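Trainee: Data file model_30.cif (mmCIF, C-alpha atoms, pLDDT in the B column; chains and numbers go by the auth columns) is appended below.
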data_final
loop_
_atom_site.group_PDB
_atom_site.id
_atom_site.type_symbol
_atom_site.label_atom_id
_atom_site.label_comp_id
_atom_site.label_asym_id
_atom_site.label_seq_id
_atom_site.Cartn_x
_atom_site.Cartn_y
_atom_site.Cartn_z
_atom_site.B_iso_or_equiv
_atom_site.auth_seq_id
_atom_site.auth_asym_id
ATOM 1 C CA MET A 1 -40.871 -33.924 30.632 49.00 30 A
ATOM 2 C CA GLN A 2 -39.580 -31.592 27.988 55.00 31 A
ATOM 3 C CA LEU A 3 -39.305 -27.841 28.586 52.00 32 A
ATOM 4 C CA THR A 4 -40.655 -25.432 26.021 52.00 33 A
ATOM 5 C CA LEU A 5 -38.681 -22.369 25.020 49.00 34 A
ATOM 6 C CA VAL A 6 -40.957 -20.121 27.069 49.00 35 A
ATOM 7 C CA GLN A 7 -40.366 -22.181 30.197 51.00 36 A
ATOM 8 C CA PHE A 8 -36.623 -22.402 29.494 54.00 37 A
ATOM 9 C CA PHE A 9 -36.178 -18.638 29.068 59.00 38 A
ATOM 10 C CA LYS A 10 -38.369 -17.588 31.960 69.00 39 A
ATOM 11 C CA LYS A 11 -39.118 -13.870 32.003 77.00 40 A
ATOM 12 C CA SER A 12 -37.682 -11.997 34.938 81.00 41 A
ATOM 13 C CA VAL A 13 -39.585 -9.520 37.064 82.00 42 A
ATOM 14 C CA ASN A 14 -39.940 -5.872 36.088 84.00 43 A
ATOM 15 C CA GLY A 15 -37.413 -3.419 37.535 85.00 44 A
ATOM 16 C CA HIS A 16 -35.072 -4.319 40.358 87.00 45 A
ATOM 17 C CA ILE A 17 -35.515 -8.004 41.174 86.00 46 A
ATOM 18 C CA PHE A 18 -35.311 -7.669 44.973 86.00 47 A
ATOM 19 C CA ARG A 19 -37.290 -4.419 45.456 90.00 48 A
ATOM 20 C CA GLY A 20 -40.766 -3.189 44.688 88.00 49 A
ATOM 21 C CA LYS A 21 -44.171 -4.610 43.946 88.00 50 A
ATOM 22 C CA TYR A 22 -43.014 -7.469 41.692 86.00 51 A
ATOM 23 C CA ARG A 23 -39.863 -8.423 43.599 88.00 52 A
ATOM 24 C CA LEU A 24 -38.490 -11.929 43.930 87.00 53 A
ATOM 25 C CA VAL A 25 -38.916 -13.222 47.465 86.00 54 A
ATOM 26 C CA LYS A 26 -36.902 -16.234 48.535 86.00 55 A
ATOM 27 C CA ARG A 27 -38.851 -18.989 50.212 90.00 56 A
ATOM 28 C CA VAL A 28 -38.006 -19.677 53.831 93.00 57 A
ATOM 29 C CA THR A 29 -36.660 -23.190 54.152 95.00 58 A
ATOM 30 C CA PRO A 30 -35.575 -25.083 57.253 96.00 59 A
ATOM 31 C CA ARG A 31 -32.044 -25.056 55.880 96.00 60 A
ATOM 32 C CA SER A 32 -31.988 -21.241 55.550 95.00 61 A
ATOM 33 C CA VAL A 33 -33.399 -20.830 59.069 97.00 62 A
ATOM 34 C CA GLU A 34 -30.723 -23.152 60.453 97.00 63 A
ATOM 35 C CA SER A 35 -27.999 -21.301 58.569 97.00 64 A
ATOM 36 C CA LEU A 36 -29.214 -17.953 59.899 96.00 65 A
ATOM 37 C CA ARG A 37 -29.412 -19.339 63.447 98.00 66 A
ATOM 38 C CA ARG A 38 -25.819 -20.633 63.193 97.00 67 A
ATOM 39 C CA ASP A 39 -24.626 -17.240 61.948 97.00 68 A
ATOM 40 C CA TYR A 40 -26.318 -15.455 64.849 97.00 69 A
ATOM 41 C CA GLU A 41 -24.873 -17.909 67.379 97.00 70 A
ATOM 42 C CA GLN A 42 -21.370 -17.401 65.980 97.00 71 A
ATOM 43 C CA THR A 43 -21.815 -13.632 66.163 96.00 72 A
ATOM 44 C CA GLU A 44 -23.004 -13.902 69.766 96.00 73 A
ATOM 45 C CA ARG A 45 -19.939 -16.006 70.688 94.00 74 A
ATOM 46 C CA ASN A 46 -17.658 -13.425 69.081 93.00 75 A
ATOM 47 C CA MET A 47 -19.392 -10.579 70.890 93.00 76 A
ATOM 48 C CA SER A 48 -19.110 -12.337 74.235 92.00 77 A
ATOM 49 C CA LEU A 49 -15.356 -12.669 73.680 89.00 78 A
ATOM 50 C CA LEU A 50 -15.122 -8.958 72.990 87.00 79 A
ATOM 51 C CA LEU A 51 -16.738 -8.130 76.328 88.00 80 A
ATOM 52 C CA LYS A 52 -13.618 -9.200 78.198 83.00 81 A
ATOM 53 C CA PRO A 53 -10.492 -7.049 77.754 77.00 82 A
ATOM 54 C CA TYR A 54 -7.526 -8.682 76.059 79.00 83 A
ATOM 55 C CA LEU A 55 -5.011 -7.009 78.380 77.00 84 A
ATOM 56 C CA MET A 56 -5.255 -6.315 82.077 77.00 85 A
ATOM 57 C CA PRO A 57 -5.411 -2.632 83.072 75.00 86 A
ATOM 58 C CA GLU A 58 -1.862 -2.896 84.448 76.00 87 A
ATOM 59 C CA GLN A 59 -0.603 -4.257 81.135 74.00 88 A
ATOM 60 C CA SER A 60 -2.417 -1.782 78.940 73.00 89 A
ATOM 61 C CA SER A 61 -1.234 1.339 80.779 72.00 90 A
ATOM 62 C CA GLY A 62 2.464 1.131 79.866 73.00 91 A
ATOM 63 C CA HIS A 63 2.711 -0.983 76.717 72.00 92 A
ATOM 64 C CA ALA A 64 2.809 1.996 74.347 71.00 93 A
ATOM 65 C CA LYS A 65 5.518 3.677 76.379 76.00 94 A
ATOM 66 C CA GLU A 66 7.712 0.572 76.238 78.00 95 A
ATOM 67 C CA LEU A 67 7.328 0.315 72.481 81.00 96 A
ATOM 68 C CA ALA A 68 8.308 3.996 72.103 83.00 97 A
ATOM 69 C CA LYS A 69 5.561 4.521 69.540 84.00 98 A
ATOM 70 C CA LYS A 70 5.448 8.281 70.029 86.00 99 A
ATOM 71 C CA GLN A 71 9.192 8.633 69.540 90.00 100 A
ATOM 72 C CA GLN A 72 9.065 6.483 66.386 90.00 101 A
ATOM 73 C CA THR A 73 6.269 8.642 64.993 91.00 102 A
ATOM 74 C CA LEU A 74 8.190 11.828 65.728 93.00 103 A
ATOM 75 C CA ASN A 75 11.344 10.458 64.104 94.00 104 A
ATOM 76 C CA LYS A 76 9.422 9.406 61.015 94.00 105 A
ATOM 77 C CA TRP A 77 7.800 12.842 60.799 93.00 106 A
ATOM 78 C CA ARG A 78 11.180 14.598 61.097 93.00 107 A
ATOM 79 C CA GLU A 79 12.665 12.396 58.367 93.00 108 A
ATOM 80 C CA ASN A 80 9.750 13.231 56.082 92.00 109 A
ATOM 81 C CA GLN A 81 10.215 16.942 56.809 89.00 110 A
ATOM 82 C CA LEU A 82 13.882 16.699 55.799 88.00 111 A
ATOM 83 C CA LYS A 83 12.930 15.038 52.507 90.00 112 A
ATOM 84 C CA MET A 84 10.566 17.884 51.618 87.00 113 A
ATOM 85 C CA LYS A 85 11.699 21.115 50.034 84.00 114 A
ATOM 86 C CA PRO A 86 12.200 23.987 52.484 82.00 115 A
ATOM 87 C CA HIS A 87 9.582 26.741 52.742 84.00 116 A
ATOM 88 C CA VAL A 88 10.336 29.640 50.432 87.00 117 A
ATOM 89 C CA SER A 89 8.936 33.113 51.004 90.00 118 A
ATOM 90 C CA ILE A 90 8.167 35.693 48.338 90.00 119 A
ATOM 91 C CA ALA A 91 11.026 37.890 49.599 87.00 120 A
ATOM 92 C CA ASP A 92 13.465 34.986 49.126 87.00 121 A
ATOM 93 C CA ARG A 93 12.086 34.207 45.682 88.00 122 A
ATOM 94 C CA LEU A 94 12.190 37.817 44.411 87.00 123 A
ATOM 95 C CA GLY A 95 15.285 38.979 46.292 84.00 124 A
ATOM 96 C CA HIS A 96 17.280 39.480 43.065 84.00 125 A
ATOM 97 C CA LEU A 97 14.860 42.214 41.998 85.00 126 A
ATOM 98 C CA ASN A 98 15.726 44.343 45.036 80.00 127 A
ATOM 99 C CA ILE A 99 16.956 47.775 43.889 77.00 128 A
ATOM 100 C CA ARG A 100 19.468 49.671 45.972 75.00 129 A
ATOM 101 C CA ASN A 101 19.217 53.397 45.618 71.00 130 A
ATOM 102 C CA ILE A 102 22.850 54.506 45.413 70.00 131 A
ATOM 103 C CA TRP A 103 22.073 58.220 45.188 69.00 132 A
ATOM 104 C CA ASP A 104 20.638 58.370 48.705 55.00 133 A
#
Translate the structure described by the file into C-alpha cells.

Mentor:
Amino acid sequence: MQLTLVQFFKKSVNGHIFRGKYRLVKRVTPRSVESLRRDYEQTERNMSLLLKPYLMPEQSSGHAKELAKKQQTLNKWRENQLKMKPHVSIADRLGHLNIRNIWD
C-alpha cells in the first residue's frame, strides 16, 4: 500500500492538541493500563515506607545537638559579617564638613 501525500502529511488538530473540542485523545490500551497500575503500586510502596519514621524518637531528639549545627551556622554567619563592609552613618560620612565656631 502506498501512502499519498495527504495521508503522509496528516493535518493536525486546530489549536492546542491536548485541550478543547478537537483535542487528540490517546486510546486506552491494556499496556497503558498496566503501566499506570505499576506506577500507582510503586507510589503506594513508597508512601508506606514513609509512614514509618527513619529514626527512633530517642535518636532524633539529640542528633542536631551532637552535630553542632547551630554553632556552625552562627560561625558561618559571623564570618560573612566580617567579610562585609561595616555600617557607615551619615555623620561618619560627612564628618569632614563639620564646622567649629572658633569665635564662641

Trainee: One number please: CA of Val42 in chain A to CA of Arg56 in chain A, in Å, one decimal.

Mentor: 16.2 Å

Trainee: What does the structure give for the distance between CA of Gly91 in chain A and CA of Lys105 in chain A, in Å to one decimal?

Mentor: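 Taking CA of Gly91 in chain A and CA of Lys105 in chain A, their separation equals 21.7 Å.
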
Trainee: Go ahead and compute the interatomic distance for CA of Val54 in chain A and CA of Arg66 in chain A, in Å to one decimal.

Mentor: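 Between CA of Val54 in chain A and CA of Arg66 in chain A the gap works out to 19.6 Å.
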
Trainee: Edge lengths and centre in Å to one decimal, as AutoDock Vina command-line options, of the axis-aligned box that encloses all listed atoms of range 65-74 of chain A with 3 Å added on every side?

Mentor:
--center_x -24.7 --center_y -17.1 --center_z 65.3 --size_x 15.5 --size_y 13.0 --size_z 16.8
